[in-house]
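**Student:** Take this structure, written in structure tokens, and hold onto it; I'll ask about it next.
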Amino acid sequence: MKKPLMAGNWKMNKTVLEAIEFTKTLKNTISDIANVEVLICPAFTALYAVSNEIRGSNINLGSQNFFWESKGAFTGEISPVMIKDVGCSYVIIGHSERRQYFAETNEAVNKKIKAAFTVTLKPIVCVGETLKEREDNVTSKVIEKQIREGLFGLTLEQASSVVIAYEPVWAIGTGKTASPDQAQEIHHFIRKIYEQMYSKDISNKLRILYGGSVNSKNVSDLMNKPDIDGGLVGGASLEVESFTKLIRYFK
Ligand code: PGA
């Protein structure tokens with residue numbers, strides 16, 4: 001059985017103090033949780049403080065981004081080595097906001113995934129179509145390209161530690177969610193591509209998260225679908241109460 005992963009993507013939110021406050025409360029609220037892997041991804045500035053706060057708890061730490069070089073003259077960037085050093089075990093790569101506002105390409109995503117493996121960070125690779133692409137009926141084409149180019153050249157071992165997040169761009173932060181059936185269809189499609197690229201075994205073990213306006217009302221219908229193995233959550237991960245409801249969705 002795959003352990004579901006519930007990941008909070010805080011995006012550009014929370015000061016250091018707010019992040020500490022949140023983490024202290026979450027730690028106590030979910031201390032009994034063992035059957036779901038819990039991950040929070042704060043902004044860079046709060047990583048160190050949150051890392052100290054989660055020590056000995058069941059909360060994992062992830063970064064929302066990094067640059068692929070390990071060090072050097074890249075003003076304003078943060079390296080995989082630094083992200084690992086601060087206590088992260090995961091990194092989100094290729095989020096649609098990075099693709100959209102910071103011109104991140106599948107090629108950049110590929111470099112970042114490979115860079116993550118140099119320091120044993122687990123990549124959460126985001127894929128998803130825009131509204132226009134869905135209306136033009138090219139959703140599966142777009143997603144297949146994002147996966148084949150993004151994951152190009154990975155070893156079987158590397159492919160086994162990737163997590164994919166399907167996040168339809170039109171559902172992010174909009175309150176519009178893909179229906180559980182729409183999400184399941186794409187998740188199943190992603191698993192098929194993974195099987196073609198690697199093997200049935202690796203594809204069966206792949207965790208595919210759904211992201212895009214996940215909330216306490218839609219979480220169980222989404223998570224009950226056979227190919228949905230967790231969530232990547234923005235808005236509803238910012239308050240302990242709403243995030244806890246998602247973590248406890250199975251009850
Ligand atoms: P949302 O964001 O839950 O606020 O829609 C999801 C994401 O962008 O990861």
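Letters A, B, ... go to the chains of the structure tokens in the order shown; residues in each chain start at 1; ligands are counted from 1 in the same order.
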Mind listing the residues within 9 Å of ligand 1, only C-alpha atoms and all ligand atoms counted, as a ChimeraX atom specification?
**Tutor:** /A:7-11,95-97,126,165,167,169-177,210-215,231-237
**Student:** What residues in stretch 92-205 of chain A get the DSSP label helix (DSSP H, G or I)? Please answer as a PyMOL selection string.
**Tutor:** chain A and resi 96-101+106-118+131-135+139-150+156-160+169-171+180-197+200-205
**Student:** Could you take the residues named above and write them with C-alpha atoms, as a short mmCIF file (atom, residue, chain, number, x, y, z; two decimals), in the first residue's frame?
**Tutor:**
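Once written, again19.cif looks like this:
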data_model
loop_
_atom_site.label_atom_id
_atom_site.label_comp_id
_atom_site.auth_asym_id
_atom_site.auth_seq_id
_atom_site.Cartn_x
_atom_site.Cartn_y
_atom_site.Cartn_z
CA SER A 96 2.52 26.18 -12.98
CA GLU A 97 3.15 29.57 -11.33
CA ARG A 98 6.88 29.09 -11.98
CA ARG A 99 6.18 28.04 -15.55
CA GLN A 100 3.81 30.98 -16.06
CA TYR A 101 5.55 33.87 -14.24
CA ASN A 106 10.35 21.42 -19.35
CA GLU A 107 14.10 21.58 -19.94
CA ALA A 108 14.63 23.60 -16.75
CA VAL A 109 12.35 21.18 -14.90
CA ASN A 110 14.54 18.32 -16.14
CA LYS A 111 17.73 20.01 -14.87
CA LYS A 112 16.11 20.65 -11.50
CA ILE A 113 14.89 17.08 -11.10
CA LYS A 114 18.40 15.79 -11.79
CA ALA A 115 19.86 18.37 -9.40
CA ALA A 116 17.47 17.22 -6.66
CA PHE A 117 18.86 13.69 -6.93
CA THR A 118 22.45 14.88 -6.40
CA LEU A 131 -8.05 26.26 -19.61
CA LYS A 132 -7.32 26.97 -23.27
CA GLU A 133 -5.47 23.67 -23.64
CA ARG A 134 -8.39 21.79 -22.07
CA GLU A 135 -10.86 23.54 -24.35
CA THR A 139 -4.75 18.10 -22.25
CA SER A 140 -3.23 14.65 -22.56
CA LYS A 141 -0.75 15.80 -25.20
CA VAL A 142 0.45 18.66 -22.96
CA ILE A 143 0.80 16.44 -19.93
CA GLU A 144 2.60 13.68 -21.80
CA LYS A 145 5.09 16.26 -23.13
CA GLN A 146 5.64 17.75 -19.67
CA ILE A 147 6.38 14.29 -18.27
CA ARG A 148 8.50 12.90 -21.12
CA GLU A 149 10.62 16.06 -21.42
CA GLY A 150 10.67 16.88 -17.71
CA LEU A 156 14.78 3.59 -12.95
CA GLU A 157 15.85 4.25 -9.38
CA GLN A 158 15.39 7.99 -9.81
CA ALA A 159 12.01 7.52 -11.49
CA SER A 160 10.94 5.49 -8.44
CA VAL A 169 -3.94 25.43 -14.11
CA TRP A 170 -7.59 26.51 -14.35
CA ALA A 171 -8.28 24.94 -10.94
CA PRO A 180 -13.03 13.48 -9.15
CA ASP A 181 -13.69 11.72 -12.49
CA GLN A 182 -11.80 14.32 -14.52
CA ALA A 183 -8.85 14.08 -12.12
CA GLN A 184 -8.93 10.28 -12.07
CA GLU A 185 -8.86 10.17 -15.87
CA ILE A 186 -5.66 12.21 -16.03
CA HIS A 187 -4.04 10.43 -13.09
CA HIS A 188 -4.68 7.12 -14.82
CA PHE A 189 -3.21 8.51 -18.02
CA ILE A 190 -0.08 9.66 -16.14
CA ARG A 191 0.32 6.18 -14.67
CA LYS A 192 0.08 4.66 -18.17
CA ILE A 193 2.82 6.98 -19.46
CA TYR A 194 4.98 6.04 -16.48
CA GLU A 195 4.44 2.38 -17.27
CA GLN A 196 5.56 2.93 -20.87
CA MET A 197 8.60 4.91 -19.77
CA LYS A 200 4.44 -1.56 -14.46
CA ASP A 201 5.91 -1.99 -11.01
CA ILE A 202 7.39 1.53 -10.87
CA SER A 203 4.20 3.00 -12.28
CA ASN A 204 2.05 1.19 -9.70
CA LYS A 205 4.21 2.57 -6.91
#
**Student:** Could you pull out the strand (DSSP E) residues of stretch 2-249 of chain A from DSSP and send them as a PyMOL selection string?
**Tutor:** chain A and resi 5-9+37-41+59-63+90-93+122-127+163-166+207-211+230-233
**Student:** With only C-alpha atoms as the basis for distance, which of A:Asn28, A:Ser51, A:Ser179, A:Asn65 is at the shortest distance from A:Asn218?
**Tutor:**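 Nearest to A:Asn218: A:Ser179.
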**Student:** Write out as a PDB file with all heavy atoms, in the first residue's frame which residues come within 7 Å of A:Val125 when counting only C-alpha atoms, dropping same-chain ones fewer than 4 positions away.
**Tutor:**
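The resulting file, around_28.pdb, is shown below:
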ATOM      1  N   ILE A  92       9.412  21.065  -4.566  1.00  0.00           N
ATOM      2  CA  ILE A  92       8.398  21.186  -5.627  1.00  0.00           C
ATOM      3  C   ILE A  92       9.110  21.713  -6.875  1.00  0.00           C
ATOM      4  O   ILE A  92       9.854  22.692  -6.801  1.00  0.00           O
ATOM      5  CB  ILE A  92       7.276  22.163  -5.214  1.00  0.00           C
ATOM      6  CG1 ILE A  92       6.549  21.662  -3.953  1.00  0.00           C
ATOM      7  CG2 ILE A  92       6.282  22.363  -6.364  1.00  0.00           C
ATOM      8  CD1 ILE A  92       5.541  22.664  -3.379  1.00  0.00           C
ATOM      9  N   ILE A  93       8.888  21.064  -7.995  1.00  0.00           N
ATOM     10  CA  ILE A  93       9.551  21.486  -9.240  1.00  0.00           C
ATOM     11  C   ILE A  93       8.505  21.696 -10.343  1.00  0.00           C
ATOM     12  O   ILE A  93       7.602  20.870 -10.518  1.00  0.00           O
ATOM     13  CB  ILE A  93      10.602  20.438  -9.686  1.00  0.00           C
ATOM     14  CG1 ILE A  93      11.724  20.354  -8.623  1.00  0.00           C
ATOM     15  CG2 ILE A  93      11.187  20.780 -11.060  1.00  0.00           C
ATOM     16  CD1 ILE A  93      12.799  19.338  -8.913  1.00  0.00           C
ATOM     17  N   GLY A  94       8.643  22.810 -11.052  1.00  0.00           N
ATOM     18  CA  GLY A  94       7.791  23.048 -12.222  1.00  0.00           C
ATOM     19  C   GLY A  94       6.353  23.397 -11.894  1.00  0.00           C
ATOM     20  O   GLY A  94       5.441  23.117 -12.686  1.00  0.00           O
ATOM     21  N   VAL A 163       7.615  12.110  -7.242  1.00  0.00           N
ATOM     22  CA  VAL A 163       6.175  12.244  -7.007  1.00  0.00           C
ATOM     23  C   VAL A 163       5.676  13.186  -8.105  1.00  0.00           C
ATOM     24  O   VAL A 163       6.329  14.183  -8.409  1.00  0.00           O
ATOM     25  CB  VAL A 163       5.893  12.889  -5.621  1.00  0.00           C
ATOM     26  CG1 VAL A 163       4.404  13.139  -5.427  1.00  0.00           C
ATOM     27  CG2 VAL A 163       6.451  12.026  -4.499  1.00  0.00           C
ATOM     28  N   ILE A 164       4.545  12.855  -8.719  1.00  0.00           N
ATOM     29  CA  ILE A 164       3.962  13.752  -9.723  1.00  0.00           C
ATOM     30  C   ILE A 164       2.744  14.433  -9.111  1.00  0.00           C
ATOM     31  O   ILE A 164       1.971  13.792  -8.387  1.00  0.00           O
ATOM     32  CB  ILE A 164       3.523  12.979 -10.986  1.00  0.00           C
ATOM     33  CG1 ILE A 164       4.680  12.165 -11.568  1.00  0.00           C
ATOM     34  CG2 ILE A 164       2.865  13.907 -12.009  1.00  0.00           C
ATOM     35  CD1 ILE A 164       5.388  12.752 -12.747  1.00  0.00           C
ATOM     36  N   ALA A 165       2.594  15.719  -9.381  1.00  0.00           N
ATOM     37  CA  ALA A 165       1.370  16.408  -8.957  1.00  0.00           C
ATOM     38  C   ALA A 165       0.634  16.873 -10.203  1.00  0.00           C
ATOM     39  O   ALA A 165       1.192  17.640 -11.004  1.00  0.00           O
ATOM     40  CB  ALA A 165       1.705  17.593  -8.065  1.00  0.00           C
TER      41      ALA A 165
END
**Student:** Rounded to one decimal place, report the atom CA of A:Glu241-atom CA of A:Leu26 distance in Å.
**Tutor:** 8.5 Å
**Student:** Could you work out how far atom CA of A:Leu61 lies from atom CA of A:Cys41, giving the answer in Å with one decimal?
**Tutor:**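 Answer for the atom CA of A:Cys41 to atom CA of A:Leu61 separation: 6.0 Å.
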